[in-house]
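S.K.: One structure coming up, written as structure tokens, with questions to follow.
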Amino acid sequence: MAGNGGIIGPTKVVNSPQTRTETFTSSGTFQKKNCSSTLSEVLVVGGGGSGGGGPCGAGGGGAGGYRTGTNVGVPSDPITIVVGGGAAAPSSPADGLSGSSSKICSVMESAGGGGGGGTPGPLIAGTPGGSGGGMAYCAPQAPGDSIRGAGNTPGSIPSQGNSGGFGAIVPSSNIAGGAGGGAGGAGGNASCSPAPGGRGGVGGVGVANDITGSCVSYAGGGGGGRGPANGSPCGTGGSGGDSRGSSPGNDGTAGTTNRGGGGGGGSAPATGIGGAGGSGIVVVKETTPK
């Protein structure tokens with residue numbers, strides 16, 4: 001006699017689930033393959049800010065905001081994906097620019113990174129953003145928190161990024177810029193040694209993530225520009241750029257594309273231009289029937 005109330009039929013077999021991962025390096029739409037209202041895992045990184053430039057040690061660009069989530073609720077298909085662009089390198093000595101935000105429809109958004117300080121002046125503030133830009137320094141005045149770019153702007157929990165670093169000048173011949181913040185830590189402060197020239201701050205570290213199947217570091221801050229006569233590179237930060245530090249050409253390098261890296265700050269004595277920010281990325285993973 002059948003043990004199922006007398007109903008005789010085939011046994012139902014449910015296969016174990018598998019995952020589908022799609023990486024967006026430009027804006028588009030995601031079409032779910034299952035009936036769930038959630039995505040099993042997501043990564044959203046904003047575009048990085050560009051480094052500042054000018055006759056002083058300029059600040060590095062902040063990394064794009066870095067946010068992740070699991071079992072993320074989403075609306076019905078199609079799901080709109082926006083990938084933020086990295087900030088363009090200034091065409092002349094100027095403050096760095098902010099990157100653009102990346103987002104999954106209205107569910108999760110990561111802000112662009114803040115630009116590094118750069119144009120001549122007493123204190124050149126970094127711009128706030130997902131991670132903040134570093135501060136440039138052209139005059140011997142005491143730094144304060146208001147002049148380095150704040151990270152995690154606008155705010156999110158957990159934090160999407162960190163602040164940029166302070167610039168330095170002691171004595172007047174040693175001028176160097178603070179680094180941009182990264183997803184894993186604040187941008188480094190500039191140092192007044194070695195003399196002459198000082199050293200730009202080291203870019204804030206990125207965060208490693210293996211959502212794509214490979215362990216990759218995202219959202220590193222750009223290194224700060226250095227003062228005159230210091231020929232060594234000034235800083236590196238995750239996937240951020242750094243200041244080349246080779247006299248007399250002193251342009252910052254670009255942040256890594258599709259990692260949200262901040263661009264490096266320009267350097268003195270030649271008027272260096274900041275590096276561009278790296279574009280952002282969005283990665284979506286869903287569980288699908290096998």
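Labels used: A, B, ... for chains in the order of the structure tokens, numbers from 1 for residues in each chain, and numbers from 1 for ligands as shown.
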Near Gly165 (chain A), within 9 Å and counting only C-alpha atoms, which residues show up once chain neighbours fewer than 2 positions away are dropped, as a list in words?
M.R.: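 Listing them by chain and then by number gives Gly59, Gly60, Gly126, Gly132, Gly133, Gly134, Met135, Arg148, Gly149, Ser163, Gly167, Gly177, Gly178, Ala179, Gly180, Gly181, Ala186, Gly187, Gly188, Asn189, Ala190, Gly201, Val202, Gly203, Gly204 and Gly224 of chain A.
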S.K.: Could you pull out all residues of region 3-171 of chain A with a DSSP call of strand (DSSP E or B) and give them as a ChimeraX atom specification?
M.R.: /A:18-24,28-30,38-45,57,66-73,79-82,102-104,108-110,123-124,136-137,168-169
S.K.: Identify, on the basis of only C-alpha atoms, every residue whose closest approach to Thr257 (chain A) does not exceed 12 Å; exclude the query and any residue fewer than 2 positions from it along the same chain; express the result as a ChimeraX atom specification.
M.R.: /A:25-26,45-49,63-64,83-87,217-220,239-241,253-255,259-263,276-281
S.K.: Of the candidates A:Ser91, A:Ser50, A:Ser76, A:Ser102, which one gets nearest to Gly223 (chain A) if we count only C-alpha atoms?
M.R.: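 Between A:Ser91, A:Ser50, A:Ser76, A:Ser102, the residue approaching Gly223 (chain A) most closely is A:Ser50.
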S.K.: Have a look at A:Thr287, A:Ser110, A:Asn71, A:Ser191 and name the one nearest to Gly151 (chain A); count only C-alpha atoms.
M.R.: A:Ser110
